[in-house]
Structures are given as structure tokens and as C-alpha cells.
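J.: This is the content of input-v6.cif (mmCIF, C-alpha atoms and all ligand atoms):
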```cif
data_my_file
loop_
_atom_site.label_atom_id
_atom_site.label_comp_id
_atom_site.auth_asym_id
_atom_site.auth_seq_id
_atom_site.Cartn_x
_atom_site.Cartn_y
_atom_site.Cartn_z
CA MET N 1 -193.29 209.56 -87.44
CA ARG N 2 -190.25 209.82 -85.24
CA LEU N 3 -187.30 207.58 -85.96
CA ALA N 4 -184.18 206.32 -84.28
CA LEU N 5 -181.82 206.21 -87.26
CA ILE N 6 -178.80 203.94 -87.46
CA GLY N 7 -176.55 204.47 -90.46
CA VAL N 8 -174.28 201.50 -91.10
CA GLY N 9 -171.21 201.68 -93.34
CA GLN N 10 -170.18 204.65 -95.44
CA ALA N 11 -173.38 205.07 -97.45
CA GLY N 12 -175.54 204.46 -94.37
CA GLY N 13 -173.69 207.17 -92.46
CA LYS N 14 -173.93 209.67 -95.30
CA VAL N 15 -177.64 209.12 -95.81
CA THR N 16 -178.17 209.50 -92.05
CA ASP N 17 -176.27 212.78 -92.23
CA ALA N 18 -178.61 213.89 -95.04
CA PHE N 19 -181.69 213.04 -92.94
CA LEU N 20 -180.30 215.12 -90.07
CA GLU N 21 -179.60 217.99 -92.43
CA TYR N 22 -183.18 217.82 -93.77
CA ALA N 23 -184.66 217.71 -90.25
CA ASP N 24 -182.58 220.73 -89.23
CA ARG N 25 -183.41 222.72 -92.34
CA THR N 26 -187.14 222.10 -92.09
CA ASP N 27 -187.21 222.26 -88.30
CA SER N 28 -189.00 218.92 -88.14
CA ASP N 29 -188.95 216.42 -85.34
CA ILE N 30 -188.57 213.28 -87.40
CA VAL N 31 -185.24 212.05 -86.02
CA VAL N 32 -185.16 211.44 -82.28
CA ASP N 33 -181.59 210.23 -82.34
CA ALA N 34 -179.04 209.08 -84.92
CA LEU N 35 -176.09 206.70 -84.69
CA ALA N 36 -173.43 205.84 -87.24
CA VAL N 37 -171.73 202.45 -87.14
CA ASN N 38 -168.67 201.59 -89.19
CA THR N 39 -165.53 199.45 -89.34
CA ALA N 40 -163.66 202.27 -91.10
CA LYS N 41 -162.51 205.16 -88.95
CA ALA N 42 -162.05 207.54 -91.89
CA ASP N 43 -165.70 207.17 -92.92
CA LEU N 44 -166.89 208.11 -89.44
CA LEU N 45 -164.59 211.13 -89.39
CA GLY N 46 -166.06 212.28 -92.71
CA LEU N 47 -169.59 212.66 -91.31
CA GLN N 48 -170.94 216.15 -90.71
CA ARG N 49 -174.11 215.85 -88.65
CA VAL N 50 -174.15 212.64 -86.63
CA PRO N 51 -172.96 213.70 -83.15
CA VAL N 52 -169.35 212.61 -82.55
CA GLY N 53 -170.38 210.65 -79.45
CA ASN N 54 -172.85 208.63 -81.58
CA ARG N 55 -170.22 207.40 -84.07
CA LEU N 56 -169.30 203.82 -83.26
CA LEU N 57 -166.21 202.13 -84.63
CA ILE N 58 -166.54 198.35 -84.43
CA GLY N 59 -164.28 195.44 -85.37
CA THR N 60 -161.07 197.24 -84.41
CA ASP N 61 -159.46 194.01 -83.18
CA ARG N 62 -160.03 192.45 -86.63
CA VAL N 63 -159.53 195.30 -89.12
CA LYS N 64 -157.93 198.04 -87.01
CA GLY N 65 -160.26 200.78 -88.21
CA HIS N 66 -159.50 200.18 -91.90
CA GLY N 67 -162.87 198.77 -93.00
CA VAL N 68 -163.69 195.32 -94.36
CA GLY N 69 -162.80 195.93 -98.01
CA ALA N 70 -166.22 194.99 -99.46
CA ASP N 71 -166.13 191.63 -97.64
CA ASN N 72 -169.64 191.40 -96.21
CA GLU N 73 -169.06 188.00 -94.63
CA LEU N 74 -166.37 189.65 -92.52
CA GLY N 75 -168.84 192.49 -91.86
CA ALA N 76 -171.40 189.97 -90.58
CA GLU N 77 -168.78 188.25 -88.38
CA ILE N 78 -167.78 191.57 -86.85
CA ALA N 79 -171.44 192.39 -86.23
CA GLN N 80 -171.90 189.16 -84.34
CA ALA N 81 -168.82 189.77 -82.23
CA ASP N 82 -169.39 193.49 -81.52
CA SER N 83 -173.15 194.03 -81.65
CA GLU N 84 -173.34 194.52 -77.85
CA GLU N 85 -171.37 197.73 -78.25
CA VAL N 86 -173.96 199.07 -80.68
CA LEU N 87 -176.91 197.81 -78.64
CA ASP N 88 -175.49 199.54 -75.55
CA ALA N 89 -175.45 202.81 -77.47
CA VAL N 90 -179.02 202.18 -78.70
CA ALA N 91 -180.06 201.66 -75.06
CA ASP N 92 -179.27 205.35 -74.48
CA VAL N 93 -181.76 206.43 -77.15
CA PRO N 94 -185.03 207.70 -75.57
CA THR N 95 -187.07 204.89 -77.11
CA HIS N 96 -190.30 206.11 -75.47
CA GLU N 97 -190.17 208.96 -78.02
CA VAL N 98 -189.41 206.67 -80.97
CA ASP N 99 -192.07 205.20 -83.30
CA ALA N 100 -189.63 202.96 -85.18
CA PHE N 101 -185.99 202.14 -85.79
CA MET N 102 -184.54 202.52 -89.24
CA LEU N 103 -181.25 200.97 -90.30
CA VAL N 104 -179.75 202.55 -93.40
CA ALA N 105 -177.11 200.73 -95.43
CA GLY N 106 -175.59 200.42 -98.89
CA LEU N 107 -176.05 196.73 -99.70
CA GLY N 108 -173.22 196.45 -102.22
CA GLY N 109 -170.31 197.11 -99.86
CA GLY N 110 -169.00 195.18 -96.86
CA THR N 111 -169.87 196.93 -93.61
CA GLY N 112 -173.43 198.12 -94.17
CA SER N 113 -174.21 195.01 -96.19
CA GLY N 114 -172.94 192.60 -93.55
CA VAL N 115 -173.62 194.47 -90.29
CA ALA N 116 -177.09 195.99 -90.84
CA PRO N 117 -179.03 192.70 -91.19
CA TYR N 118 -177.48 191.37 -87.98
CA LEU N 119 -178.30 194.56 -86.06
CA ALA N 120 -181.87 194.35 -87.38
CA LYS N 121 -182.17 190.89 -85.94
CA GLU N 122 -180.90 191.96 -82.52
CA LEU N 123 -183.03 195.14 -82.39
CA GLY N 124 -186.09 193.10 -83.37
CA ARG N 125 -185.45 190.74 -80.46
CA ARG N 126 -185.07 193.52 -77.92
CA TYR N 127 -187.57 196.21 -78.85
CA GLU N 128 -191.30 196.38 -79.42
CA GLU N 129 -190.99 199.16 -81.96
CA PRO N 130 -190.82 198.09 -85.61
CA VAL N 131 -187.38 197.85 -87.20
CA TYR N 132 -187.23 199.04 -90.80
CA GLY N 133 -184.38 198.90 -93.27
CA LEU N 134 -183.51 201.45 -95.92
CA GLY N 135 -181.33 199.49 -98.32
CA LEU N 136 -179.42 201.05 -101.21
CA LEU N 137 -178.83 198.78 -104.21
CA PRO N 138 -175.64 199.24 -106.24
CA ALA N 139 -175.91 200.70 -109.73
CA LYS N 140 -175.50 198.22 -112.58
CA ASP N 141 -172.01 199.36 -113.55
CA GLU N 142 -170.52 198.83 -110.08
CA GLY N 143 -169.33 195.30 -110.84
CA GLY N 144 -170.03 191.71 -109.90
CA ILE N 145 -168.76 191.68 -106.33
CA TYR N 146 -171.10 194.56 -105.39
CA MET N 147 -174.02 192.69 -106.96
CA LEU N 148 -173.13 189.51 -105.12
CA ASN N 149 -172.86 191.37 -101.82
CA ALA N 150 -176.15 193.14 -102.45
CA ALA N 151 -178.05 190.00 -103.41
CA ARG N 152 -176.90 188.12 -100.30
CA SER N 153 -177.44 191.06 -97.98
CA PHE N 154 -180.85 191.83 -99.49
CA MET N 155 -182.23 188.35 -98.79
CA THR N 156 -180.92 188.41 -95.22
CA PHE N 157 -181.98 191.98 -94.48
CA VAL N 158 -185.57 191.41 -95.75
CA ARG N 159 -185.83 188.43 -93.44
CA GLU N 160 -184.73 190.42 -90.37
CA VAL N 161 -186.60 193.72 -90.73
CA ASP N 162 -190.30 194.52 -90.50
CA ASN N 163 -190.06 196.08 -93.95
CA LEU N 164 -187.18 196.84 -96.28
CA VAL N 165 -187.57 200.08 -98.19
CA VAL N 166 -185.29 199.98 -101.20
CA TYR N 167 -183.58 202.71 -103.15
CA ASP N 168 -181.85 201.55 -106.30
CA ASN N 169 -178.79 203.67 -107.10
CA GLU N 170 -179.45 202.83 -110.74
CA THR N 171 -182.37 205.28 -110.60
CA MET N 172 -180.05 208.13 -109.58
CA SER N 173 -180.43 210.94 -112.09
CA GLY N 174 -177.65 213.19 -113.39
CA ALA N 175 -175.46 211.15 -115.73
CA GLY N 176 -172.90 213.96 -115.97
CA ASP N 177 -172.26 214.08 -112.20
CA SER N 178 -169.10 212.95 -110.49
CA LEU N 179 -169.77 209.95 -108.28
CA ALA N 180 -169.46 212.04 -105.10
CA SER N 181 -171.78 214.83 -106.23
CA GLY N 182 -174.22 212.27 -107.66
CA PHE N 183 -174.37 210.50 -104.29
CA ALA N 184 -174.68 213.78 -102.38
CA ARG N 185 -177.64 214.77 -104.53
CA ALA N 186 -179.23 211.33 -104.28
CA ASN N 187 -178.89 211.42 -100.49
CA GLU N 188 -180.41 214.87 -100.28
CA GLN N 189 -183.34 213.75 -102.47
CA LEU N 190 -183.78 210.59 -100.44
CA ALA N 191 -183.97 212.58 -97.21
CA ARG N 192 -186.41 215.09 -98.71
CA ARG N 193 -188.71 212.42 -100.10
CA PHE N 194 -188.75 210.40 -96.95
CA GLY N 195 -188.91 213.56 -94.89
CA VAL N 196 -192.25 214.63 -96.40
CA LEU N 197 -193.72 211.28 -95.50
CA LEU N 198 -192.36 211.21 -91.97
CA ALA N 199 -193.06 214.85 -91.17
CA ALA N 200 -196.68 214.73 -92.38
CA GLY N 201 -197.99 213.53 -89.03
CA GLU N 202 -195.67 215.63 -86.88
CA THR N 203 -197.40 218.98 -87.26
CA ASP N 204 -196.77 221.63 -84.64
CA GLY N 205 -200.47 222.50 -84.51
CA ARG N 206 -200.15 225.76 -86.46
CA VAL N 207 -201.64 224.28 -89.63
CA VAL N 208 -203.61 221.11 -89.11
CA PRO N 209 -204.06 218.63 -91.97
CA GLU N 210 -207.56 217.60 -93.07
CA GLN N 211 -206.52 213.96 -93.05
CA VAL N 212 -203.49 213.33 -90.90
CA VAL N 213 -200.99 210.67 -91.91
CA ASP N 214 -199.58 209.82 -88.53
CA ALA N 215 -197.09 207.19 -87.47
CA SER N 216 -199.75 204.48 -87.19
CA GLU N 217 -200.75 204.96 -90.86
CA ILE N 218 -197.15 204.46 -91.92
CA ILE N 219 -196.68 201.51 -89.57
CA ASN N 220 -199.85 199.84 -90.87
CA THR N 221 -198.80 200.38 -94.46
CA LEU N 222 -195.43 198.76 -93.81
CA ALA N 223 -196.88 196.02 -91.58
CA CYS N 224 -197.39 193.63 -94.49
CA GLY N 225 -193.60 193.18 -94.46
CA GLY N 226 -191.38 192.39 -97.43
CA VAL N 227 -190.05 195.05 -99.74
CA SER N 228 -191.23 198.58 -100.41
CA SER N 229 -190.64 201.07 -103.17
CA PHE N 230 -191.44 204.75 -102.99
CA GLY N 231 -192.15 207.46 -105.48
CA TYR N 232 -192.12 211.23 -105.39
CA ALA N 233 -193.10 214.07 -107.70
CA ALA N 234 -193.53 217.79 -107.28
CA SER N 235 -195.34 220.40 -109.30
CA PRO N 236 -194.17 224.03 -108.93
CA VAL N 237 -196.71 226.62 -107.82
CA GLU N 238 -196.64 230.15 -109.06
CA ARG N 239 -197.16 232.59 -106.19
CA LYS N 240 -197.27 236.33 -106.35
CA ARG N 241 -195.58 238.52 -103.77
CA GLY N 242 -197.77 240.81 -101.64
CA PHE N 243 -197.12 244.48 -101.02
CA PHE N 244 -194.79 243.75 -98.09
CA GLY N 245 -192.94 240.99 -99.89
CA GLY N 246 -194.83 238.09 -98.30
CA LYS N 247 -196.16 235.27 -100.47
CA LYS N 248 -199.77 235.61 -101.57
CA ALA N 249 -202.12 232.64 -101.46
CA ALA N 250 -201.85 230.39 -104.52
CA ASP N 251 -204.70 230.17 -107.02
CA PRO N 252 -206.75 227.14 -105.93
CA SER N 253 -208.75 226.79 -109.15
CA ASP N 254 -206.79 223.80 -110.48
CA ALA N 255 -206.05 222.21 -107.09
CA THR N 256 -207.79 218.87 -107.71
CA PRO N 257 -206.33 218.04 -111.17
CA ARG N 258 -202.91 219.19 -109.96
CA ILE N 259 -202.98 216.79 -107.00
CA LEU N 260 -204.16 213.95 -109.20
CA SER N 261 -201.48 214.46 -111.84
CA THR N 262 -198.72 214.83 -109.21
CA VAL N 263 -199.73 211.57 -107.51
CA ARG N 264 -199.86 209.77 -110.88
CA GLN N 265 -196.42 211.08 -111.72
CA ALA N 266 -195.04 209.96 -108.33
CA THR N 267 -196.43 206.46 -108.86
CA LEU N 268 -195.79 205.94 -112.55
CA GLY N 269 -192.54 207.90 -112.84
CA ARG N 270 -189.23 206.89 -111.40
CA LEU N 271 -189.85 204.75 -108.33
CA SER N 272 -187.00 204.23 -105.84
CA LEU N 273 -187.20 200.56 -106.83
CA PRO N 274 -188.85 200.10 -110.22
CA CYS N 275 -191.53 197.43 -109.91
CA GLU N 276 -194.89 196.27 -111.19
CA ILE N 277 -197.22 198.46 -109.15
CA THR N 278 -200.06 195.93 -109.21
CA SER N 279 -197.88 193.61 -107.13
CA ALA N 280 -198.08 195.97 -104.12
CA GLU N 281 -200.03 194.75 -101.11
CA ARG N 282 -200.60 198.16 -99.54
CA ALA N 283 -200.02 201.79 -100.45
CA LEU N 284 -199.78 205.18 -98.84
CA VAL N 285 -199.93 208.65 -100.34
CA VAL N 286 -199.11 212.01 -98.79
CA VAL N 287 -199.81 215.24 -100.64
CA ALA N 288 -197.88 218.24 -99.33
CA GLY N 289 -198.11 221.88 -100.31
CA PRO N 290 -199.77 225.23 -99.58
CA PRO N 291 -203.00 224.53 -97.61
CA GLU N 292 -205.18 226.37 -100.14
CA LEU N 293 -204.09 223.85 -102.80
CA LEU N 294 -204.71 220.70 -100.77
CA SER N 295 -208.31 220.12 -101.74
CA ARG N 296 -210.00 217.30 -99.90
CA GLN N 297 -211.54 216.18 -103.17
CA GLY N 298 -208.11 216.07 -104.81
CA VAL N 299 -206.63 213.89 -102.07
CA GLU N 300 -209.70 211.59 -102.18
CA LYS N 301 -209.52 211.26 -105.96
CA ALA N 302 -205.78 210.57 -105.81
CA ARG N 303 -206.35 207.84 -103.26
CA ASN N 304 -209.08 206.29 -105.38
CA TRP N 305 -206.86 206.43 -108.43
CA LEU N 306 -204.07 204.69 -106.49
CA GLU N 307 -206.50 201.97 -105.42
CA GLU N 308 -207.46 201.34 -109.02
CA ALA N 309 -203.92 201.55 -110.39
CA THR N 310 -202.47 199.14 -107.82
CA GLY N 311 -205.54 196.95 -107.45
CA THR N 312 -205.19 197.04 -103.67
CA MET N 313 -207.94 198.10 -101.29
CA GLU N 314 -205.49 199.08 -98.57
CA VAL N 315 -204.54 202.57 -99.65
CA ARG N 316 -204.00 205.08 -96.88
CA GLY N 317 -203.44 208.75 -97.43
CA GLY N 318 -203.69 212.31 -96.32
CA ASP N 319 -202.35 215.82 -96.65
CA PHE N 320 -199.49 217.81 -95.21
CA PRO N 321 -200.05 221.58 -95.33
CA VAL N 322 -196.87 223.65 -95.67
CA PRO N 323 -197.97 227.32 -95.79
CA ASP N 324 -195.00 228.83 -97.62
CA ALA N 325 -194.35 225.96 -100.03
CA ASP N 326 -193.65 226.72 -103.68
CA GLU N 327 -194.76 223.34 -104.90
CA VAL N 328 -197.32 220.63 -104.45
CA ALA N 329 -195.49 217.37 -103.77
CA ALA N 330 -196.70 213.79 -103.59
CA ALA N 331 -194.92 210.96 -101.82
CA VAL N 332 -196.19 207.45 -102.48
CA VAL N 333 -195.17 204.22 -100.75
CA LEU N 334 -195.89 200.87 -102.39
CA SER N 335 -195.50 198.28 -99.69
CA GLY N 336 -195.03 194.53 -100.06
CA VAL N 337 -194.13 194.64 -103.77
CA SER N 338 -193.29 191.23 -105.22
CA ASP N 339 -192.82 191.73 -108.96
CA VAL N 340 -189.43 193.44 -109.09
CA PRO N 341 -187.37 192.61 -112.20
CA ARG N 342 -184.31 194.46 -110.84
CA VAL N 343 -184.02 192.04 -107.91
CA LYS N 344 -184.20 189.04 -110.24
CA GLU N 345 -181.53 190.61 -112.46
CA LEU N 346 -179.33 191.30 -109.43
CA GLN N 347 -179.67 187.70 -108.27
CA GLY N 348 -178.75 186.42 -111.75
CA ILE N 349 -175.58 188.53 -111.87
CA ALA N 350 -174.76 187.51 -108.28
CA ILE N 351 -175.00 183.80 -109.08
CA GLU N 352 -172.80 184.20 -112.17
CA THR N 353 -170.27 186.18 -110.15
CA GLN N 354 -170.21 183.57 -107.40
CA GLN N 355 -169.62 180.77 -109.93
CA SER N 356 -166.85 182.54 -111.76
CA MET N 357 -165.18 183.53 -108.47
CA ARG N 358 -165.16 179.87 -107.39
CA GLU N 359 -163.82 178.70 -110.76
CA LEU N 360 -161.12 181.36 -110.72
CA SER N 361 -160.07 180.49 -107.21
CA ASP N 362 -159.86 176.74 -108.08
CA ARG N 363 -157.93 177.56 -111.25
CA SER N 364 -155.49 179.87 -109.51
CA GLU N 365 -154.77 177.26 -106.83
CA THR N 366 -153.84 174.78 -109.58
CA LYS N 367 -151.79 177.41 -111.42
CA LEU N 368 -149.89 178.35 -108.27
CA ALA N 369 -149.18 174.67 -107.59
CA ASP N 370 -147.90 174.37 -111.19
CA LEU N 371 -145.69 177.42 -110.78
CA LEU N 372 -144.16 176.21 -107.54
CA SER N 373 -143.57 172.63 -108.55
CA ALA N 374 -139.90 172.44 -109.54
CA PRO N 375 -138.91 170.15 -112.40
CA GLU N 376 -138.02 166.70 -111.12
CA GLY N 377 -139.36 167.79 -107.71
CA ASP N 378 -135.85 168.15 -106.27
CA LEU N 379 -136.34 171.45 -104.40
CA GLU N 380 -137.45 171.48 -100.78
CA PRO N 381 -139.00 174.46 -98.87
CA LEU N 382 -136.97 175.79 -95.93
CA PHE N 383 -139.41 174.72 -93.26
P1 LIG O 401 -169.47 199.98 -96.69
O1 LIG O 401 -168.89 201.19 -96.03
O2 LIG O 401 -168.51 198.82 -96.70
O3 LIG O 401 -170.78 199.57 -96.13
O4 LIG O 401 -169.71 200.30 -98.23
P2 LIG O 401 -170.27 201.66 -98.88
O5 LIG O 401 -171.36 202.15 -98.04
O6 LIG O 401 -169.14 202.58 -99.20
O7 LIG O 401 -170.77 201.22 -100.30
C1 LIG O 401 -171.80 200.32 -100.52
C2 LIG O 401 -172.67 200.71 -101.67
O8 LIG O 401 -173.33 201.88 -101.30
C3 LIG O 401 -172.01 200.99 -102.99
O9 LIG O 401 -172.28 199.88 -103.79
C4 LIG O 401 -172.70 202.22 -103.55
O10 LIG O 401 -173.64 201.85 -104.52
C5 LIG O 401 -173.50 202.75 -102.41
N1 LIG O 401 -173.10 204.09 -101.95
C6 LIG O 401 -171.90 204.50 -101.44
N2 LIG O 401 -171.99 205.77 -101.00
C7 LIG O 401 -173.28 206.16 -101.24
C8 LIG O 401 -174.01 207.36 -100.99
O11 LIG O 401 -173.51 208.36 -100.44
N3 LIG O 401 -175.31 207.38 -101.39
C9 LIG O 401 -175.92 206.33 -101.99
N4 LIG O 401 -177.19 206.45 -102.36
N5 LIG O 401 -175.27 205.18 -102.21
C10 LIG O 401 -173.98 205.10 -101.84
#
```
Could you take the file, read its structure, and then write that structure out as C-alpha cells?

T.:
Amino acid sequence: MRLALIGVGQAGGKVTDAFLEYADRTDSDIVVDALAVNTAKADLLGLQRVPVGNRLLIGTDRVKGHGVGADNELGAEIAQADSEEVLDAVADVPTHEVDAFMLVAGLGGGTGSGVAPYLAKELGRRYEEPVYGLGLLPAKDEGGIYMLNAARSFMTFVREVDNLVVYDNETMSGAGDSLASGFARANEQLARRFGVLLAAGETDGRVVPEQVVDASEIINTLACGGVSSFGYAASPVERKRGFFGGKKAADPSDATPRILSTVRQATLGRLSLPCEITSAERALVVVAGPPELLSRQGVEKARNWLEEATGTMEVRGGDFPVPDADEVAAAVVLSGVSDVPRVKELQGIAIETQQSMRELSDRSETKLADLLSAPEGDLEPLF
């Protein structure tokens, strides 16, 4: 599947960079074009891969390139005022080569959170191609304002996109990391996991899959709308070196159980958005690895297992042969999930935060009035 990627806000831009890095490294054709949109100039300057001409600074008349300071209402206002600028840039994308648009944004901040849902709405009105969102939820310790932003953005974004794929930063591994290195690793993983899925149908003809997962399989999986979660697992393959240093074929004797256990691990392990898997409407599985280990029976069994585990009949799947791979990897998409405790928790914290912000603001208005009221009321302001 070939995407036009639009990274909005700091996180959106960085994840877009990571997708471009993955596409470059693996020489895959999954990104037709990539844009980065921001209200903060410094964030755009910090990007490595998005072409300089594709970095769009919006809202300069309002915030002068300094960002919206986690105010997503301001982000949404700027989007409404300046979306033409972005849509003009999108008009230069060769959309005849694009299977779908994908807007990437951190939902806890201000720019991505406020701007991405509005852009989704406008892209949906103008283009036939589906518009997907990749939304990043804030980790639990980020604080109330981030939760409130995320909860409000989430409900708006889901409404405007054809499907919102969610990655919860709470699932980020590596507790000992600094924030920056943790994010860099999460972004790299995100790109790799998504990359396997997207690249599966874009083979160059050298090694042809038994069951191709092309763009239409992904589009049909996501067509039920709503929210999606994805999982990924990999099992290392031991390969001997040949006389001239090349990799020898892997031992195919345990190919079927290996595929099955990797797919189970991808589904039951750490999903990008933890959820009750039986609440999924549709699912998709891609098994990637050395061709000699991609047994047809293994992929069939894995698909059957996924049908049983999720209780849905609409499970699509296939294989993605990668001749020199040192692992067998499984990427699973659970589409249209509805039982997601994390979203309920986020909404609860958001409502509490909203209430206490209102109370605080009322209280501080009264306190300021108290402070300024002179005894006997005999002081007058200058004008
Ligand atoms: P914006 O620029 O105003 O849209 O805000 P940011 O994108 O900086 O931050 C929004 C949210 O994105 C935060 O709550 C973080 O959880 C998350 N975030 C920031 N940077 C990254 C990143 O590089 N990767 C990931 N996965 N999440 C990030």
C-alpha cells in the first residue's frame, strides 16, 4: 500500500521522519510523498527526512512560529484559517499513485491534536482515497491537560477519518530510557511494524508471495471504520553462513508452529492499543520472513486461529517473503475495536481535569477580585 503521509505537530513530524527512514532503509515504495505541518518553526527545523519544501508552517499570524503551547482549541482554529495552504501542498502530491492518505499526530499536544482532525475532514471532502489517522495517545504520567486534549481530539479525529489507528505511548517499552530516546525507539518500531504491513503488497516481483496482502485487503480491513489496534511479534531464525559468506536457507521443519506462535504473540502480547480482541469487527495478518519458512499451512492455520480468537469471520491475511530476513515476523491489525478500557480511562481523567480547570479558573477570578479590591473601595484605576 502506498501512502501520502502528513505528519502534524512535533510527534507527527517525527513519526513521519521515521517512516521515511524505514522506507529508505528497506528500499520500499510505501511512501509516495510526505508533508510535515506545524505551528512551531523549531519543530520543523528539527526534522531529518521530510523534504524541506514539504514542511509547512501555519498560523504564523497568530503564534509567530512559536507553537500553540498545548492549546488544541487554538490548533483547531488555526487549521480552519490556514487549511488551504496545506491543501494546496497536498494538491501537488501525485495522488494517482496514492492508495490512501495517512495523518499522523500526537493527540495530547496542541498542534497535531487540534489540526489533524480538521485536515482529515477537508481531505475526506476533496479526495476519493481513504483518509486514515495514526493517533498517538499520551502516556499516563503526562498529566491532565494532555489527557483532556487527547480525549477531545480522539473523539473528533475518529469522526473525521475512515479509520483511526491508535498507538498508546503507555505501551512504549524501555522504562530506563530518556524521553527522547524512548520516543525515537518507539517511532522506529512504529515505522517498522507498519512498514511490514504496507510493504507486503508492494513486491518488486523478485519473490512473489503465495497470498498477497495488497492495498485492497488493507482498505477492506479498515473499511469498517472506528478505531484500530495493531500487534507485532518476531521470532529470530538461526541461519548458517555458506562457504562464500552468503546466508544458507533456514531449516523449514518447524515453519508452521513458528508462524502460529508468532501470530498468537502478536495478537495476545502488547497491542498498540490494548483492547478486548473479541470486540474487533475485522482483522488482518501478515507473516513476513524467509520464503522457505512461510508455509502456506502455517499462514492458513494462523488465520483460522485469529478467526477463533477474535470471533470475527472477516480475517484477511497473507505472507511477505523477505529472502535475507533473520526473523519471522507477524503484524496483526484488529479493526473496529470497541472494548478499549484505556479510552474510557482517558475520558474519565479528561472530564475530571476539565472540571477542576473550570473550578480553578472561577476561584482565581474571585481571588484576584479580592486581592484588587482596596479596603473601603477608595482607590480608582488610572483609566
Ligand atoms: P504538538 O507539536 O503540539 O502537536 O505536540 P507534540 O507532538 O509535541 O506532543 C503531543 C503528544 O505526542 C505528547 O503527549 C506525547 O505523548 C507525544 N509525543 C511527542 N513526541 C513524540 C514522539 O516522538 N513519538 C511518540 N510516539 N509520541 C510523541

J.: Using only C-alpha atoms and all ligand atoms, which protein or nucleic acid residues are at most 9 Å from ligand LIG 401 (chain O), as a PyMOL selection string?

T.: chain N and resi 8-15+38-40+43+67-72+75+105-116+135-139+142-143+146-147+149-150+167-170+172+179-187+190

J.: Find the residue from N:Ser253, N:Ala79, N:Val227, N:Ser216 that sits nearest to Phe154 of chain N; use only C-alpha atoms when measuring.

T.: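 Result for the nearest residue to Phe154 of chain N: N:Val227.
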
J.: With all atoms listed in the file as the counted atoms, please give the residues lying no more than 8 Å from Gly133 of chain N, apart from itself and same-chain residues fewer than 2 positions off, as a PyMOL selection string.

T.: chain N and resi 102-105+120+131+135+157-158+161-165

J.: Between atom CA of Asp339 of chain N and atom CA of Ile351 of chain N, what distance in Å does the model show, to one decimal?

T.: 19.5 Å

J.: Please give the centre and size of the box around segment 173-192 of chain N (axis-aligned, containing every atom listed in the file, 3 Å added per side), with values in Å to one decimal and written as AutoDock Vina command-line options.

T.:
```
--center_x -177.8 --center_y 212.5 --center_z -106.6 --size_x 23.3 --size_y 11.1 --size_z 24.8
```

J.: Considering only C-alpha atoms, state which residue in the set N:Ile349, N:Glu380, N:Asp324, N:Tyr232 is at the smallest distance from Gly246 of chain N.

T.: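 Among the listed residues, N:Asp324 lies closest to Gly246 of chain N.
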